[in-house]
$ cat final_33.txt   # compact mmCIF, C-alpha atoms (C1' of nucleotides)
# COMPACT_ATOMS: atom_id res chain seq x y z
CA MET V 1 5.07 -30.28 -118.03
CA ILE V 2 5.11 -27.42 -120.53
CA LYS V 3 7.93 -29.33 -122.15
CA TYR V 4 5.53 -32.12 -123.15
CA ALA V 5 2.78 -29.73 -124.18
CA ILE V 6 5.23 -28.20 -126.66
CA LEU V 7 6.38 -31.61 -127.94
CA GLY V 8 2.74 -32.66 -128.30
CA LEU V 9 1.73 -29.58 -130.26
CA LEU V 10 4.69 -29.93 -132.62
CA HIS V 11 3.26 -33.33 -133.64
CA TYR V 12 0.49 -31.45 -135.44
CA THR V 13 2.61 -28.90 -137.23
CA ASP V 14 5.81 -26.85 -137.04
CA MET V 15 5.40 -23.75 -134.92
CA HIS V 16 7.22 -20.77 -133.44
CA GLY V 17 7.01 -19.66 -129.81
CA TYR V 18 4.29 -17.07 -130.19
CA ARG V 19 2.00 -19.53 -131.99
CA ILE V 20 2.66 -22.22 -129.37
CA LYS V 21 1.49 -19.87 -126.65
CA GLU V 22 -1.70 -19.13 -128.59
CA HIS V 23 -2.42 -22.83 -129.03
CA ILE V 24 -1.85 -23.70 -125.39
CA GLU V 25 -4.13 -20.87 -124.33
CA GLN V 26 -6.86 -22.03 -126.69
CA ASN V 27 -6.61 -25.76 -126.13
CA PHE V 28 -5.83 -25.99 -122.46
CA GLY V 29 -6.24 -22.44 -121.30
CA ASN V 30 -8.39 -23.51 -118.39
CA MET V 31 -5.91 -26.19 -117.47
CA TRP V 32 -2.58 -24.49 -117.69
CA SER V 33 -1.60 -20.86 -117.56
CA ILE V 34 1.26 -19.97 -119.78
CA ASN V 35 3.63 -17.06 -120.38
CA TYR V 36 6.66 -16.27 -122.47
CA GLY V 37 8.87 -16.67 -119.46
CA GLN V 38 8.14 -20.39 -119.75
CA ILE V 39 7.87 -20.82 -123.52
CA TYR V 40 11.17 -19.38 -124.73
CA PRO V 41 13.49 -20.88 -122.11
CA ASN V 42 11.79 -24.25 -122.63
CA LEU V 43 12.19 -24.04 -126.42
CA LYS V 44 15.86 -23.27 -125.94
CA LYS V 45 16.31 -26.25 -123.65
CA LEU V 46 14.40 -28.62 -125.93
CA TYR V 47 16.57 -27.45 -128.80
CA ASP V 48 19.79 -27.91 -126.84
CA ASP V 49 18.67 -31.44 -125.92
CA GLY V 50 18.00 -32.28 -129.56
CA LEU V 51 14.27 -32.92 -129.03
CA ILE V 52 13.30 -30.21 -131.52
CA SER V 53 15.02 -28.64 -134.51
CA MET V 54 14.90 -25.01 -135.64
CA THR V 55 14.85 -22.93 -138.83
CA GLU V 56 15.36 -19.20 -138.59
CA ILE V 57 13.16 -17.16 -140.93
CA THR V 58 14.59 -13.64 -141.16
CA GLN V 59 12.35 -11.56 -143.43
CA ASN V 60 13.17 -13.79 -146.45
CA GLY V 61 10.39 -15.44 -148.37
CA GLU V 62 7.90 -15.60 -145.51
CA LYS V 63 6.02 -12.45 -144.49
CA GLY V 64 5.83 -11.08 -140.94
CA PRO V 65 8.47 -10.29 -138.35
CA PRO V 66 11.54 -12.54 -138.02
CA ARG V 67 10.76 -15.79 -136.27
CA LYS V 68 12.14 -19.19 -135.37
CA LEU V 69 10.25 -22.19 -136.66
CA TYR V 70 10.56 -25.35 -134.58
CA SER V 71 9.94 -28.99 -135.59
CA ILE V 72 9.96 -32.11 -133.48
CA THR V 73 12.83 -34.56 -134.06
CA GLU V 74 12.74 -38.36 -133.87
CA LYS V 75 14.39 -38.14 -130.46
CA GLY V 76 11.65 -35.73 -129.40
CA LYS V 77 8.93 -38.10 -130.63
CA ASN V 78 10.41 -40.95 -128.63
CA GLU V 79 10.65 -38.86 -125.49
CA PHE V 80 7.03 -37.79 -125.94
CA ALA V 81 5.81 -41.36 -126.59
CA GLY V 82 7.49 -42.49 -123.37
CA TRP V 83 5.75 -39.77 -121.41
CA LEU V 84 2.34 -40.61 -122.93
CA ASP V 85 2.74 -44.20 -121.84
CA ASN V 86 3.63 -43.89 -118.19
CA SER V 87 1.37 -42.18 -115.69
CA PRO V 88 2.77 -39.84 -113.04
CA GLU V 89 -0.57 -40.50 -111.26
CA LYS V 90 -0.86 -37.13 -109.59
CA PRO V 91 -4.37 -36.07 -108.62
CA MET V 92 -6.42 -33.36 -110.28
CA LEU V 93 -5.99 -29.89 -108.86
CA LEU V 94 -8.64 -27.16 -109.06
CA ARG V 95 -7.00 -23.86 -108.26
CA ASP V 96 -9.29 -20.87 -107.96
CA PRO V 97 -8.68 -17.76 -105.87
CA PHE V 98 -12.44 -17.22 -105.77
CA LEU V 99 -13.07 -20.65 -104.21
CA MET V 100 -10.19 -20.18 -101.82
CA ARG V 101 -11.86 -17.03 -100.50
CA PHE V 102 -15.32 -18.52 -100.68
CA VAL V 103 -14.62 -21.13 -97.98
CA PHE V 104 -13.93 -18.32 -95.55
CA TYR V 105 -16.77 -15.92 -96.37
CA GLY V 106 -18.44 -17.06 -93.17
CA PHE V 107 -15.97 -14.75 -91.38
CA GLY V 108 -16.83 -11.79 -93.59
CA ASP V 109 -19.82 -9.87 -94.92
CA MET V 110 -22.40 -12.28 -96.35
CA SER V 111 -24.01 -9.74 -98.68
CA ARG V 112 -20.56 -8.98 -100.09
CA SER V 113 -20.23 -12.66 -100.93
CA VAL V 114 -23.44 -12.45 -102.99
CA GLU V 115 -21.92 -9.61 -105.03
CA VAL V 116 -18.82 -11.67 -105.70
CA ILE V 117 -20.95 -14.64 -106.77
CA ASP V 118 -22.83 -12.39 -109.22
CA ASP V 119 -19.50 -11.36 -110.76
CA GLN V 120 -18.56 -14.99 -111.18
CA ILE V 121 -21.90 -15.84 -112.77
CA LYS V 122 -21.46 -13.07 -115.34
CA ARG V 123 -17.95 -14.23 -116.13
CA TYR V 124 -18.82 -17.89 -116.58
CA GLU V 125 -21.92 -17.17 -118.66
CA LYS V 126 -19.69 -15.28 -121.06
CA ASP V 127 -17.12 -18.11 -121.03
CA LEU V 128 -19.77 -20.72 -121.69
CA LYS V 129 -20.99 -18.89 -124.81
CA ARG V 130 -17.43 -18.71 -126.13
CA ARG V 131 -16.81 -22.39 -125.44
CA LYS V 132 -20.00 -23.54 -127.12
CA LYS V 133 -19.13 -21.49 -130.19
CA ASN V 134 -15.67 -23.13 -130.28
CA LEU V 135 -17.17 -26.62 -130.01
CA LYS V 136 -18.73 -26.28 -133.46
CA LYS V 137 -15.49 -25.02 -135.02
CA ARG V 138 -13.50 -27.96 -133.72
CA ASP V 139 -15.53 -30.74 -135.31
CA ASN V 140 -12.62 -32.21 -137.28
CA SER V 141 -9.73 -31.87 -134.84
CA GLY V 142 -9.72 -35.45 -133.59
CA ILE V 143 -11.74 -37.22 -130.95
CA TYR V 144 -9.47 -36.48 -127.96
CA VAL V 145 -9.34 -32.75 -128.54
CA GLN V 146 -13.11 -32.74 -128.99
CA LEU V 147 -13.66 -34.64 -125.76
CA ILE V 148 -11.48 -32.19 -123.85
CA ALA V 149 -13.52 -29.34 -125.30
CA ASP V 150 -16.69 -31.13 -124.15
CA LEU V 151 -15.23 -31.40 -120.68
CA GLY V 152 -14.63 -27.66 -120.64
CA VAL V 153 -18.29 -27.03 -121.45
CA ASN V 154 -19.47 -29.55 -118.84
CA LEU V 155 -17.26 -28.01 -116.17
CA ASN V 156 -18.51 -24.57 -117.01
CA GLU V 157 -22.17 -25.61 -116.88
CA MET V 158 -21.73 -27.46 -113.61
CA PHE V 159 -19.96 -24.53 -112.02
CA LEU V 160 -22.61 -22.06 -113.17
CA SER V 161 -25.46 -24.05 -111.73
CA TRP V 162 -23.51 -24.47 -108.48
CA LEU V 163 -22.99 -20.69 -108.32
CA LYS V 164 -26.71 -20.06 -108.80
CA HIS V 165 -27.63 -22.65 -106.22
CA SER V 166 -25.13 -21.17 -103.76
CA LYS V 167 -26.48 -17.66 -104.24
CA LYS V 168 -29.99 -18.89 -103.47
CA GLU V 169 -28.85 -20.72 -100.33
CA ILE V 170 -26.91 -17.72 -99.05
CA LEU V 171 -29.79 -15.31 -99.65
CA GLU V 172 -32.13 -17.63 -97.75
CA ASN V 173 -29.61 -17.78 -94.94
CA ILE V 174 -29.35 -13.98 -94.81
CA SER V 175 -33.10 -13.42 -94.64
CA LYS V 176 -33.44 -16.14 -92.01
CA ASN V 177 -30.81 -14.40 -89.87
CA GLU V 178 -32.54 -11.03 -90.25
CA GLN V 179 -35.87 -12.46 -89.21
CA GLU V 180 -34.27 -13.90 -86.13
CA LYS V 181 -32.77 -10.53 -85.28
CA THR V 182 -36.03 -8.57 -85.53
CA ASN V 183 -38.27 -11.31 -84.10
CA PRO V 184 -36.19 -13.27 -81.62
CA GLU V 185 -39.28 -15.10 -80.32
CA ILE V 186 -39.51 -17.07 -83.57
CA ARG V 187 -36.27 -18.74 -82.77
CA ARG V 188 -37.18 -19.35 -79.17
CA ALA V 189 -40.52 -20.77 -80.21
CA ALA V 190 -38.91 -23.01 -82.80
CA GLY V 191 -36.07 -24.18 -80.57
CA MET T 1 -2.02 -17.76 -100.95
CA ILE T 2 -1.18 -20.41 -98.34
CA LYS T 3 -0.65 -17.46 -96.05
CA TYR T 4 -4.36 -16.64 -96.16
CA ALA T 5 -5.44 -20.26 -95.92
CA ILE T 6 -3.53 -20.44 -92.63
CA LEU T 7 -5.00 -17.18 -91.34
CA GLY T 8 -8.47 -18.39 -92.34
CA LEU T 9 -8.12 -21.73 -90.57
CA LEU T 10 -6.86 -20.06 -87.40
CA HIS T 11 -10.19 -18.20 -87.22
CA TYR T 12 -11.82 -21.51 -86.30
CA THR T 13 -9.36 -22.65 -83.68
CA ASP T 14 -5.71 -22.52 -82.61
CA MET T 15 -3.57 -25.02 -84.43
CA HIS T 16 -0.02 -26.25 -84.94
CA GLY T 17 1.65 -26.84 -88.31
CA TYR T 18 0.94 -30.53 -88.64
CA ARG T 19 -2.77 -30.03 -87.93
CA ILE T 20 -2.95 -27.13 -90.42
CA LYS T 21 -1.60 -29.38 -93.15
CA GLU T 22 -4.23 -32.01 -92.33
CA HIS T 23 -7.02 -29.46 -92.48
CA ILE T 24 -5.90 -27.97 -95.78
CA GLU T 25 -5.68 -31.44 -97.29
CA GLN T 26 -9.15 -32.33 -96.08
CA ASN T 27 -10.92 -29.08 -96.86
CA PHE T 28 -9.30 -27.97 -100.07
CA GLY T 29 -7.20 -30.95 -100.95
CA ASN T 30 -8.51 -30.92 -104.48
CA MET T 31 -7.90 -27.20 -104.75
CA TRP T 32 -4.46 -26.74 -103.33
CA SER T 33 -1.60 -29.09 -102.82
CA ILE T 34 0.39 -28.54 -99.70
CA ASN T 35 3.64 -29.68 -98.09
CA TYR T 36 5.68 -28.91 -95.03
CA GLY T 37 8.12 -26.96 -97.13
CA GLN T 38 5.36 -24.38 -97.44
CA ILE T 39 3.70 -24.63 -94.04
CA TYR T 40 6.59 -24.09 -91.66
CA PRO T 41 8.35 -21.24 -93.46
CA ASN T 42 4.97 -19.51 -93.84
CA LEU T 43 4.17 -19.92 -90.14
CA LYS T 44 7.52 -18.43 -89.28
CA LYS T 45 6.94 -15.45 -91.54
CA LEU T 46 3.39 -14.87 -90.25
CA TYR T 47 4.76 -14.97 -86.72
CA ASP T 48 7.59 -12.54 -87.52
CA ASP T 49 5.04 -10.16 -89.07
CA GLY T 50 2.86 -10.30 -85.95
CA LEU T 51 -0.13 -11.80 -87.77
CA ILE T 52 -0.15 -14.87 -85.53
CA SER T 53 1.07 -15.58 -82.01
CA MET T 54 2.66 -18.75 -80.67
CA THR T 55 2.76 -20.89 -77.51
CA GLU T 56 5.34 -23.61 -77.23
CA ILE T 57 4.09 -26.82 -75.61
CA THR T 58 7.08 -28.92 -74.59
CA GLN T 59 5.84 -32.18 -73.08
CA ASN T 60 4.16 -30.29 -70.18
CA GLY T 61 0.47 -30.77 -69.52
CA GLU T 62 -0.53 -31.74 -73.07
CA LYS T 63 0.27 -35.24 -74.26
CA GLY T 64 2.13 -36.01 -77.50
CA PRO T 65 5.35 -34.71 -79.01
CA PRO T 66 6.46 -31.10 -78.47
CA ARG T 67 4.56 -28.67 -80.66
CA LYS T 68 3.96 -25.01 -81.33
CA LEU T 69 0.40 -23.79 -81.04
CA TYR T 70 -0.47 -20.77 -83.17
CA SER T 71 -3.34 -18.27 -82.74
CA ILE T 72 -4.40 -15.44 -84.99
CA THR T 73 -3.82 -11.89 -83.71
CA GLU T 74 -5.98 -8.80 -84.26
CA LYS T 75 -3.50 -7.64 -86.87
CA GLY T 76 -3.84 -11.01 -88.58
CA LYS T 77 -7.63 -10.77 -88.56
CA ASN T 78 -7.48 -7.34 -90.20
CA GLU T 79 -5.08 -8.52 -92.86
CA PHE T 80 -7.36 -11.48 -93.57
CA ALA T 81 -10.51 -9.33 -93.72
CA GLY T 82 -8.83 -7.07 -96.27
CA TRP T 83 -7.94 -10.04 -98.42
CA LEU T 84 -11.49 -11.44 -98.24
CA ASP T 85 -12.85 -8.15 -99.53
CA ASN T 86 -10.77 -7.50 -102.61
CA SER T 87 -10.73 -9.87 -105.55
CA PRO T 88 -7.51 -10.77 -107.34
CA GLU T 89 -9.85 -11.90 -110.18
CA LYS T 90 -7.63 -14.61 -111.55
CA PRO T 91 -9.38 -17.31 -113.54
CA MET T 92 -9.96 -20.87 -112.39
CA LEU T 93 -7.25 -23.35 -113.26
CA LEU T 94 -7.82 -27.07 -113.64
CA ARG T 95 -4.48 -28.82 -113.53
CA ASP T 96 -4.49 -32.52 -114.20
CA PRO T 97 -1.59 -34.56 -115.61
CA PHE T 98 -4.13 -37.09 -116.87
CA LEU T 99 -6.00 -34.46 -118.92
CA MET T 100 -2.76 -33.02 -120.19
CA ARG T 101 -1.84 -36.42 -121.60
CA PHE T 102 -5.38 -37.12 -122.73
CA VAL T 103 -5.36 -34.31 -125.35
CA PHE T 104 -2.47 -36.02 -127.07
CA TYR T 105 -3.60 -39.64 -126.97
CA GLY T 106 -4.44 -39.33 -130.65
CA PHE T 107 -0.69 -39.70 -131.27
CA GLY T 108 -0.45 -42.82 -129.15
CA ASP T 109 -2.13 -46.18 -128.72
CA MET T 110 -5.91 -45.75 -128.48
CA SER T 111 -6.52 -48.97 -126.56
CA ARG T 112 -3.90 -47.86 -124.03
CA SER T 113 -5.97 -44.70 -123.49
CA VAL T 114 -9.00 -46.85 -122.61
CA GLU T 115 -6.94 -48.57 -119.91
CA VAL T 116 -5.93 -45.22 -118.47
CA ILE T 117 -9.54 -44.04 -118.48
CA ASP T 118 -10.55 -47.18 -116.57
CA ASP T 119 -7.94 -46.36 -113.92
CA GLN T 120 -9.36 -42.87 -113.60
CA ILE T 121 -12.93 -44.18 -113.30
CA LYS T 122 -11.89 -46.50 -110.45
CA ARG T 123 -10.10 -43.68 -108.67
CA TYR T 124 -12.94 -41.17 -108.92
CA GLU T 125 -15.60 -43.69 -107.91
CA LYS T 126 -13.64 -44.28 -104.73
CA ASP T 127 -13.24 -40.52 -104.21
CA LEU T 128 -16.94 -39.91 -104.73
CA LYS T 129 -17.87 -42.40 -102.05
CA ARG T 130 -15.50 -40.72 -99.59
CA ARG T 131 -16.84 -37.27 -100.42
CA LYS T 132 -20.45 -38.27 -100.01
CA LYS T 133 -19.67 -39.78 -96.63
CA ASN T 134 -17.97 -36.55 -95.57
CA LEU T 135 -20.97 -34.46 -96.68
CA LYS T 136 -23.09 -35.96 -93.93
CA LYS T 137 -20.43 -35.36 -91.27
CA ARG T 138 -20.09 -31.72 -92.17
CA ASP T 139 -23.72 -30.72 -91.62
CA ASN T 140 -22.96 -28.14 -88.97
CA SER T 141 -19.77 -26.53 -90.24
CA GLY T 142 -21.33 -23.43 -91.77
CA ILE T 143 -22.97 -22.79 -95.10
CA TYR T 144 -19.83 -21.84 -97.07
CA VAL T 145 -17.87 -24.91 -96.10
CA GLN T 146 -20.89 -27.06 -96.93
CA LEU T 147 -21.31 -25.44 -100.34
CA ILE T 148 -17.66 -26.07 -101.16
CA ALA T 149 -18.12 -29.71 -100.17
CA ASP T 150 -21.15 -29.85 -102.49
CA LEU T 151 -19.04 -28.46 -105.29
CA GLY T 152 -16.50 -31.21 -104.73
CA VAL T 153 -19.20 -33.84 -105.12
CA ASN T 154 -20.64 -32.14 -108.23
CA LEU T 155 -17.22 -31.90 -109.83
CA ASN T 156 -16.56 -35.53 -109.09
CA GLU T 157 -19.88 -36.68 -110.54
CA MET T 158 -19.49 -34.56 -113.64
CA PHE T 159 -15.99 -35.85 -114.25
CA LEU T 160 -17.04 -39.48 -113.79
CA SER T 161 -19.84 -39.26 -116.31
CA TRP T 162 -17.50 -37.50 -118.74
CA LEU T 163 -14.96 -40.31 -118.34
CA LYS T 164 -17.61 -42.93 -119.04
CA HIS T 165 -18.90 -41.05 -122.06
CA SER T 166 -15.35 -40.62 -123.37
CA LYS T 167 -14.62 -44.32 -122.99
CA LYS T 168 -17.72 -45.17 -125.01
CA GLU T 169 -16.83 -42.71 -127.77
CA ILE T 170 -13.26 -43.98 -128.01
CA LEU T 171 -14.35 -47.63 -128.15
CA GLU T 172 -16.78 -46.80 -130.95
CA ASN T 173 -14.01 -45.02 -132.76
CA ILE T 174 -11.67 -47.99 -132.40
CA SER T 175 -14.18 -50.49 -133.77
CA LYS T 176 -15.07 -48.14 -136.63
CA ASN T 177 -11.38 -47.91 -137.58
CA GLU T 178 -11.00 -51.69 -137.46
CA GLN T 179 -14.01 -52.21 -139.70
CA GLU T 180 -12.54 -49.77 -142.20
CA LYS T 181 -9.27 -51.66 -142.17
CA THR T 182 -10.81 -55.07 -142.85
CA ASN T 183 -13.57 -53.82 -145.17
CA PRO T 184 -12.22 -50.77 -146.96
CA GLU T 185 -15.17 -50.72 -149.40
CA ILE T 186 -17.50 -49.57 -146.59
CA ARG T 187 -15.63 -46.31 -146.37
CA ARG T 188 -15.47 -45.87 -150.14
CA ALA T 189 -19.15 -46.58 -150.48
CA ALA T 190 -20.02 -44.18 -147.66
CA GLY T 191 -17.71 -41.41 -148.87
C1' DT M 1 12.41 -53.81 -80.32
C1' DC M 2 10.28 -52.24 -84.19
C1' DT M 3 6.82 -49.92 -86.81
C1' DA M 4 3.67 -46.40 -87.54
C1' DC M 5 2.51 -42.09 -86.83
C1' DC M 6 2.95 -37.39 -84.71
C1' DA M 7 5.67 -33.31 -85.09
C1' DT M 8 9.07 -29.67 -86.75
C1' DG M 9 12.16 -28.06 -89.73
C1' DT M 10 15.62 -26.85 -93.90
C1' DA M 11 18.21 -26.90 -98.43
C1' DA M 12 18.22 -27.62 -103.06
C1' DT M 13 15.72 -27.52 -106.91
C1' DC M 14 12.21 -26.74 -110.09
C1' DT M 15 8.40 -24.17 -111.94
C1' DG M 16 5.71 -20.20 -112.65
C1' DT M 17 4.89 -15.16 -112.78
C1' DT M 18 5.70 -10.35 -113.56
C1' DA M 19 7.74 -6.88 -115.63
C1' DC M 20 10.50 -5.20 -118.68
C1' DA M 21 13.28 -4.45 -123.30
C1' DT M 22 13.44 -4.72 -128.19
C1' DG M 23 11.93 -4.45 -132.78
C1' DA M 24 8.95 -5.60 -137.19
C1' DT M 25 4.58 -5.30 -139.65
C1' DT M 26 -0.20 -4.00 -140.69
C1' DG M 27 -3.95 -1.07 -141.09
C1' DC M 28 -6.05 3.38 -140.03
C1' DG C 1 2.63 8.89 -138.01
C1' DC C 2 0.43 6.02 -134.65
C1' DA C 3 -1.75 2.17 -132.50
C1' DA C 4 -2.35 -2.59 -132.44
C1' DT C 5 -0.55 -6.79 -132.95
C1' DC C 6 3.14 -10.08 -134.04
C1' DA C 7 7.39 -11.80 -132.35
C1' DT C 8 11.49 -12.93 -129.27
C1' DG C 9 13.70 -12.70 -125.28
C1' DT C 10 15.57 -12.05 -120.09
C1' DA C 11 15.99 -10.90 -115.06
C1' DA C 12 14.07 -10.87 -110.72
C1' DC C 13 11.07 -12.75 -107.92
C1' DA C 14 7.52 -15.81 -105.89
C1' DG C 15 5.82 -20.20 -105.07
C1' DA C 16 5.88 -25.24 -105.01
C1' DT C 17 8.20 -29.77 -104.67
C1' DT C 18 11.43 -33.14 -103.15
C1' DA C 19 14.31 -34.99 -100.19
C1' DC C 20 16.34 -35.08 -96.25
C1' DA C 21 17.34 -34.65 -90.97
C1' DT C 22 15.66 -34.94 -86.33
C1' DG C 23 13.23 -36.68 -82.54
C1' DG C 24 8.86 -38.08 -79.56
C1' DT C 25 5.03 -41.34 -78.52
C1' DA C 26 2.00 -45.45 -78.79
C1' DG C 27 1.15 -49.94 -79.53
C1' DA C 28 2.15 -54.77 -81.41
$ encode --input "final_33.txt" --output "structure tokens"
Amino acid sequence: MIKYAILGLLHYTDMHGYRIKEHIEQNFGNMWSINYGQIYPNLKKLYDDGLISMTEITQNGEKGPPRKLYSITEKGKNEFAGWLDNSPEKPMLLRDPFLMRFVFYGFGDMSRSVEVIDDQIKRYEKDLKRRKKNLKKRDNSGIYVQLIADLGVNLNEMFLSWLKHSKKEILENISKNEQEKTNPEIRRAAG
Amino acid sequence: MIKYAILGLLHYTDMHGYRIKEHIEQNFGNMWSINYGQIYPNLKKLYDDGLISMTEITQNGEKGPPRKLYSITEKGKNEFAGWLDNSPEKPMLLRDPFLMRFVFYGFGDMSRSVEVIDDQIKRYEKDLKRRKKNLKKRDNSGIYVQLIADLGVNLNEMFLSWLKHSKKEILENISKNEQEKTNPEIRRAAG
DNA sequence: TCTACCATGTAATCTGTTACATGATTGC
DNA sequence: GCAATCATGTAACAGATTACATGGTAGA
């Protein structure tokens, strides 16, 4: 998959590994996590397969540390076009350690779960600010990239309001349980 | 991670491997993908570590094919409680081959992208129906499980309306481009 | 009998993650 | 000189995926 992300990015402009990582983090950071352990071996393989070409820049004209600049070849463009056209049709996957734990909080301490939700709210409020700022910057980067950025904002907003709703529900549940503990007759009367 | 999903599920009731896979698919199918290549080796390891115990049922009283019924042990419950309490704090990850391709559709055929969006709309409308039906069934399965089910519905609704909005935007873009091709003076006059 | 489904498992492979090593450049 | 950042890379490990092998049961 990272293979095609690299080929896609090289359609825009020639890049070296470090820059590719930056771009992937910025453009689909919430979709794909990325590290050098994937980038450099993949670049090597793409190069060996003739899908990209490479120019080594060793402190000559260009400033900065020595780097390897990669471009996409015709063969690479064809490979990429083929991939764009045929759907692997695998479903969306939302992977979140927080959600994974959340399902099971019923077996733990409920007030602890409220703390964890508060952490998440703080985190996603920060994220949302950053994303909205980026939306304005990206006005001329093409309709598809813009739409993906919109999706990021929508997802963030939806998740935040779900977190707030969940916190409210859990707090109500906690106070209901406490009332039942101190005044058991309420429950008996109601039931 | 699957390790803890298994330990969590075994809090509800004793289960065998096949049933665990079913439950994971139903409860966090859109969060985690699962296959037997993960389930059975994990069960074996959990058993070897004493976190779960096992009873073999070989065509005796119970009907059906021979199976191994697993229960969680005290040690397993402690391990699980520890995991519930401390956050790995890794960010949410939305992995979707469709979205991955979507970012790059600018390099492909725009009308093809509309077709692909239509496929996605069909798929998620179906999914939404199924999820809403399940919401009603799950009324008594505890607040956390219910909230996660709500999230699934919210995510689905958000994504659907984003898909529809995107389709509209792309169609507008296509017709704008075609107008510019046939009447280039419009663009010159506007610019 | 044949199909569909229930049930358990493994081997090979692929992908992703962590941690480390190396060194250049820029700005304080 | 030192810290931060830019830049490239690899080895070891962890996790996920695919494909296969095996066999039982239920119902058409």
$ interface_residues --input "final_33.txt" --of "chain T" --to "chain V" --cutoff "7 Å" --atoms "all atoms listed in the file" --output "number ranges by chain"
T: 8, 30-32, 81, 84, 90-97, 101-106, 108, 144-145, 147-148, 151, 162, 166
$ closest_residue --input "final_33.txt" --among "V:His16, V:Pro41, V:Leu128, V:Glu22" --to "Ile57 (chain V)" --atoms "only C-alpha atoms"
V:His16
$ closest_atom_pairs --input "final_33.txt" --of "chain V" --to "chain M" --cutoff "8 Å" --atoms "all atoms listed in the file" --output "JSON lines"
{"residue": "V:Asn35", "atom": "CA", "partner": "M:DT17", "partner_atom": "C1'", "distance": 7.9}
{"residue": "V:Gly37", "atom": "CA", "partner": "M:DT17", "partner_atom": "C1'", "distance": 7.9}
{"residue": "V:Gln38", "atom": "CA", "partner": "M:DG16", "partner_atom": "C1'", "distance": 7.5}
{"residue": "V:Gly64", "atom": "CA", "partner": "M:DT25", "partner_atom": "C1'", "distance": 6.1}
{"residue": "V:Pro65", "atom": "CA", "partner": "M:DA24", "partner_atom": "C1'", "distance": 4.9}
{"residue": "V:Pro66", "atom": "CA", "partner": "M:DA24", "partner_atom": "C1'", "distance": 7.5}
$ interface_residues --input "final_33.txt" --of "chain C" --to "chain T" --cutoff "12 Å" --atoms "all atoms listed in the file" --output "list in words"
DA14, DG15, DA16, DT17, DT18, DA19, DC20, DG23, DG24, DT25 and DA26 of chain C
$ residues_around --input "final_33.txt" --residues "Leu51 (chain T)" --least-positions-apart "2" --cutoff "9 Å" --atoms "only C-alpha atoms (C1' of nucleotides)" --output "MDAnalysis selection string"
chainID T and resid 7 45:49 53 71:79
$ atom_distance --input "final_33.txt" --atom1 "CA of Ile117 (chain T)" --atom2 "CA of Lys167 (chain T)"
6.8 Å
$ atom_distance --input "final_33.txt" --atom1 "CA of Tyr18 (chain V)" --atom2 "CA of Glu56 (chain V)"
14.1 Å
$ axis_aligned_box --input "final_33.txt" --around "region 10-21 of chain C" --padding-each-side "4 Å" --output "AutoDock Vina command-line options"
--center_x 11.6 --center_y -23.0 --center_z -105.5 --size_x 19.5 --size_y 32.2 --size_z 37.1
$ build_atoms --input "final_33.txt" --residues "region 30-38 of chain V" --atoms "N, CA, C and O atoms" --output "PDB file, keeping the file's coordinate frame"
ATOM      1  N   ASN V  30      -7.806 -23.389-119.730  1.00  0.00           N
ATOM      2  CA  ASN V  30      -8.390 -23.510-118.390  1.00  0.00           C
ATOM      3  C   ASN V  30      -7.676 -24.595-117.574  1.00  0.00           C
ATOM      4  O   ASN V  30      -8.045 -24.887-116.457  1.00  0.00           O
ATOM      5  N   MET V  31      -6.633 -25.153-118.171  1.00  0.00           N
ATOM      6  CA  MET V  31      -5.910 -26.190-117.470  1.00  0.00           C
ATOM      7  C   MET V  31      -4.538 -25.702-117.054  1.00  0.00           C
ATOM      8  O   MET V  31      -4.017 -26.089-116.047  1.00  0.00           O
ATOM      9  N   TRP V  32      -3.957 -24.882-117.905  1.00  0.00           N
ATOM     10  CA  TRP V  32      -2.580 -24.490-117.690  1.00  0.00           C
ATOM     11  C   TRP V  32      -2.477 -23.019-118.039  1.00  0.00           C
ATOM     12  O   TRP V  32      -2.959 -22.592-119.065  1.00  0.00           O
ATOM     13  N   SER V  33      -1.879 -22.245-117.185  1.00  0.00           N
ATOM     14  CA  SER V  33      -1.600 -20.860-117.560  1.00  0.00           C
ATOM     15  C   SER V  33      -0.197 -20.829-118.134  1.00  0.00           C
ATOM     16  O   SER V  33       0.663 -21.619-117.777  1.00  0.00           O
ATOM     17  N   ILE V  34       0.005 -19.928-119.043  1.00  0.00           N
ATOM     18  CA  ILE V  34       1.260 -19.970-119.780  1.00  0.00           C
ATOM     19  C   ILE V  34       1.765 -18.547-120.046  1.00  0.00           C
ATOM     20  O   ILE V  34       0.994 -17.628-120.209  1.00  0.00           O
ATOM     21  N   ASN V  35       3.071 -18.367-120.027  1.00  0.00           N
ATOM     22  CA  ASN V  35       3.630 -17.060-120.380  1.00  0.00           C
ATOM     23  C   ASN V  35       4.979 -17.254-121.059  1.00  0.00           C
ATOM     24  O   ASN V  35       5.570 -18.327-121.027  1.00  0.00           O
ATOM     25  N   TYR V  36       5.441 -16.182-121.683  1.00  0.00           N
ATOM     26  CA  TYR V  36       6.660 -16.270-122.470  1.00  0.00           C
ATOM     27  C   TYR V  36       7.857 -16.662-121.626  1.00  0.00           C
ATOM     28  O   TYR V  36       8.790 -17.283-122.123  1.00  0.00           O
ATOM     29  N   GLY V  37       7.801 -16.298-120.372  1.00  0.00           N
ATOM     30  CA  GLY V  37       8.870 -16.670-119.460  1.00  0.00           C
ATOM     31  C   GLY V  37       9.046 -18.178-119.331  1.00  0.00           C
ATOM     32  O   GLY V  37      10.077 -18.656-118.855  1.00  0.00           O
ATOM     33  N   GLN V  38       8.008 -18.937-119.736  1.00  0.00           N
ATOM     34  CA  GLN V  38       8.140 -20.390-119.750  1.00  0.00           C
ATOM     35  C   GLN V  38       8.438 -20.906-121.151  1.00  0.00           C
ATOM     36  O   GLN V  38       9.245 -21.804-121.333  1.00  0.00           O
TER      37      GLN V  38
END
